[in-house]
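Report on the following structure.
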Amino acid sequence: MSLTSLSTTDHSQCAEMLRRLNARLDGTGTRVSIPSQRLDSFGFEMAVEAAGEKRGGITFAVEAGSQRLRDVINKNVTEQDLLAATHNAFSLGWRRMKLYFMIGLPTETDEDVVAIGELAERVLSCAREAVDPKQRGNVSVTCSVGTFVPKSHTPFQWQGQVPADEIRRRQQLLVASVRSKAVRVTYPDPRSSAIDSFLSRAGRAAYEVVEGAWRRGARFDAWSDCFAYEAWLDAARAQGFELEEVVCTDYDLDARLPWDHTSPGETKGFLQREWRRALAAQTTADCTRASCQGCGVCPGLHTHNVIVGER
Ligand code: SF4
């Protein structure tokens, strides 16, 4: 049973929920899992709760290989955090670690791509040092490297996706830069990420394309053996546009966006400010841990940011 949400481990009562669920499910053959662990002591408490005695694999979302790029995307995680968590995990009995990364983030360079592999190798060395020398051969690190998909109502909503051919080149660059056989790199077909982007960025015409792709035989596209990219391209052409153009085009900061008439509460001015800060690699504090950053959600939705209990 997986407790999934956008950010499960940010729930202030997550460890308590895991404790209670595990107690309730004890002896039923059912295990509880959470998608990825936070890199702090609270995250660790949850990892221990979720894993119980079976410490096979543990997952951390690092997102970018270099500190510069982690600052661009406001991922408040340092290499030190990751290595400390690695040491803890492998000392406590874990033997496999999965790290989530993304390729194609705004401002990404080849150095940032290679940095993913370099970081994974440092994690592997740290993990090996934390275990008994006889067990070092069992230690492995998997980098699951997704393709960045720009999403509406985020500071990256104006940014087009990196074209599929260039994503493929960066994936190959990463694979070639990893030397250790104990570090595995997995990544999706960049064309399927282009469909994700299309569904995220296209306007009303997207529904005609979804139906058109279905009429052309597209089914279960998330399964690689069923993925029918040509059906999507044809369906987009039938509506008068090239799917890859919609996916890869940058919007001007003052452009009217297809989703501007909807809002989860944040102001456009806040997103524009965050976009400029991202380009300058300036981080913004998390308002659930620091002061209000003025995103507009609380006044816009007439609500208050209330955190229950210690985090
Ligand atoms: S406290 Fe509310 S308005 Fe302020 S940054 Fe957080 S969510 Fe936005």
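The way I read the labels, and the way they are meant: chains A, B, ... in the order of the structure tokens, residue 1 as the first residue of every chain, and ligand 1 as the first ligand shown, with later ones counted on from there.
Residues in contact with ligand 1 (atom pairs separated by at most 9 Å; only C-alpha atoms and all ligand atoms) are Gly265, Glu266, Ala285, Asp286, Cys287, Thr288, Ala290, Ser291, Cys292, Gln293, Gly294, Cys295, Gly296, Val297, Cys298, Pro299, Gly300, Thr303, His304, Asn305 and Val306 of chain A.
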Can you tell me, as a PyMOL selection string, what residues are no more than 8 Å from stretch 144-149 of chain A when counting only C-alpha atoms, ignoring any on the same chain fewer than 5 positions away? chain A and resi 98-105+161+167+185-188+190+193-194+196-197+200
Between atom CA of A:Ala23 and atom CA of A:Ser5, distance in Å (one decimal): 21.8 Å
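Reported to one decimal place, the separation of atom CA of A:Ala61 from atom CA of A:Ala127 is 16.8 Å.
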Atom pair atom CA of A:Lys134 / atom CA of A:Thr59: separation (Å): 23.6 Å
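Here the question is which of A:Cys226, A:Ala236, A:Leu124, A:Val175 gets nearest to A:Ala205 using only C-alpha atoms, and that residue is A:Ala236.
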Stretch 110-242 of chain A: which residues are strand (DSSP E) by DSSP, as a list in words? Ser140, Val141, Thr142, Cys143, Ser144, Val145, Gly146, Thr147, Val183, Arg184, Val185 and Thr186 of chain A
Hey, can you spit out that residue selection with C-alpha atoms as a PDB file, in the first residue's frame?
```
ATOM      1  CA  SER A 140      23.975  -0.475  -5.361  1.00  0.00           C
ATOM      2  CA  VAL A 141      22.646   2.922  -6.406  1.00  0.00           C
ATOM      3  CA  THR A 142      20.014   3.482  -9.104  1.00  0.00           C
ATOM      4  CA  CYS A 143      19.523   6.900 -10.670  1.00  0.00           C
ATOM      5  CA  SER A 144      15.994   7.217 -12.007  1.00  0.00           C
ATOM      6  CA  VAL A 145      16.295  10.196 -14.332  1.00  0.00           C
ATOM      7  CA  GLY A 146      13.002  11.690 -15.500  1.00  0.00           C
ATOM      8  CA  THR A 147      12.599  14.391 -18.122  1.00  0.00           C
ATOM      9  CA  VAL A 183      25.442   2.656 -10.399  1.00  0.00           C
ATOM     10  CA  ARG A 184      22.491   2.027 -12.701  1.00  0.00           C
ATOM     11  CA  VAL A 185      20.837   4.774 -14.743  1.00  0.00           C
ATOM     12  CA  THR A 186      17.233   4.464 -15.921  1.00  0.00           C
TER      13      THR A 186
END
```
Alpha helix (DSSP H) call set, DSSP backbone run, stretch 66-210 of chain A, as number ranges by chain: A: 67-72, 79-91, 110-130, 164-177, 190-201, 206-210
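Distances to A:Ile307 were evaluated for A:Thr262, A:Leu233, A:Arg289, A:Gln159 using only C-alpha atoms, and the minimum falls at A:Arg289.
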Skipping near chain neighbours, those fewer than 3 positions away, what residues fall within 12 Å of A:Glu166 using only C-alpha atoms, listed as an MDAnalysis selection string? chainID A and resid 103:104 108:110 147 161:163 169:173 190:191 248
Find the residues around A:Ser2 up to 8 Å (only C-alpha atoms counted), leave out those fewer than 4 positions away in its own chain, and share them as a PDB file with N, CA, C and O atoms, in the first residue's frame.
```pdb
ATOM      1  N   VAL A  32       3.355  -0.934   4.014  1.00  0.00           N
ATOM      2  CA  VAL A  32       3.077   0.447   3.625  1.00  0.00           C
ATOM      3  C   VAL A  32       4.363   1.044   3.055  1.00  0.00           C
ATOM      4  O   VAL A  32       5.439   0.826   3.604  1.00  0.00           O
ATOM      5  N   SER A  33       4.238   1.772   1.949  1.00  0.00           N
ATOM      6  CA  SER A  33       5.432   2.447   1.441  1.00  0.00           C
ATOM      7  C   SER A  33       5.097   3.899   1.129  1.00  0.00           C
ATOM      8  O   SER A  33       3.929   4.260   0.958  1.00  0.00           O
ATOM      9  N   ILE A  34       6.150   4.722   1.098  1.00  0.00           N
ATOM     10  CA  ILE A  34       5.978   6.119   0.703  1.00  0.00           C
ATOM     11  C   ILE A  34       6.942   6.379  -0.462  1.00  0.00           C
ATOM     12  O   ILE A  34       7.976   5.724  -0.562  1.00  0.00           O
ATOM     13  N   PRO A  35       6.571   7.301  -1.372  1.00  0.00           N
ATOM     14  CA  PRO A  35       7.307   7.419  -2.628  1.00  0.00           C
ATOM     15  C   PRO A  35       8.787   7.758  -2.468  1.00  0.00           C
ATOM     16  O   PRO A  35       9.636   7.155  -3.089  1.00  0.00           O
TER      17      PRO A  35
END
```
Can you tell me, as an mmCIF file with N, CA, C and O atoms, in the first residue's frame, what residues are no more than 6 Å from stretch 206-210 of chain A when counting only C-alpha atoms, ignoring any on the same chain fewer than 3 positions away?
```cif
data_model
loop_
_atom_site.group_PDB
_atom_site.id
_atom_site.type_symbol
_atom_site.label_atom_id
_atom_site.label_comp_id
_atom_site.auth_asym_id
_atom_site.auth_seq_id
_atom_site.Cartn_x
_atom_site.Cartn_y
_atom_site.Cartn_z
ATOM 1 N N ALA A 202 -0.812 22.611 -23.443
ATOM 2 C CA ALA A 202 -1.705 22.967 -24.548
ATOM 3 C C ALA A 202 -2.993 23.572 -24.004
ATOM 4 O O ALA A 202 -3.366 23.351 -22.851
ATOM 5 N N GLY A 203 -3.661 24.319 -24.833
ATOM 6 C CA GLY A 203 -4.922 24.929 -24.426
ATOM 7 C C GLY A 203 -6.094 24.009 -24.691
ATOM 8 O O GLY A 203 -5.957 22.780 -24.633
ATOM 9 N N ALA A 213 -5.996 11.148 -31.011
ATOM 10 C CA ALA A 213 -4.967 10.110 -30.805
ATOM 11 C C ALA A 213 -5.654 8.779 -30.482
ATOM 12 O O ALA A 213 -5.269 7.715 -30.985
ATOM 13 N N ALA A 235 -2.653 13.386 -34.787
ATOM 14 C CA ALA A 235 -3.850 14.007 -34.210
ATOM 15 C C ALA A 235 -3.628 15.509 -34.020
ATOM 16 O O ALA A 235 -4.541 16.316 -34.247
ATOM 17 N N ALA A 236 -2.401 15.904 -33.628
ATOM 18 C CA ALA A 236 -2.106 17.332 -33.464
ATOM 19 C C ALA A 236 -2.134 18.020 -34.828
ATOM 20 O O ALA A 236 -2.715 19.101 -34.979
#
```
Using only C-alpha atoms, which of the listed residues (A:Phe156, A:Ile58, A:Arg24, A:Val178) sits closest to A:Arg276? A:Phe156
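Among A:Trp214, A:Glu244, A:Trp259, A:Gln37, the residue with the shortest atom-to-atom distance to A:Asp165, counting only C-alpha atoms, is A:Glu244.
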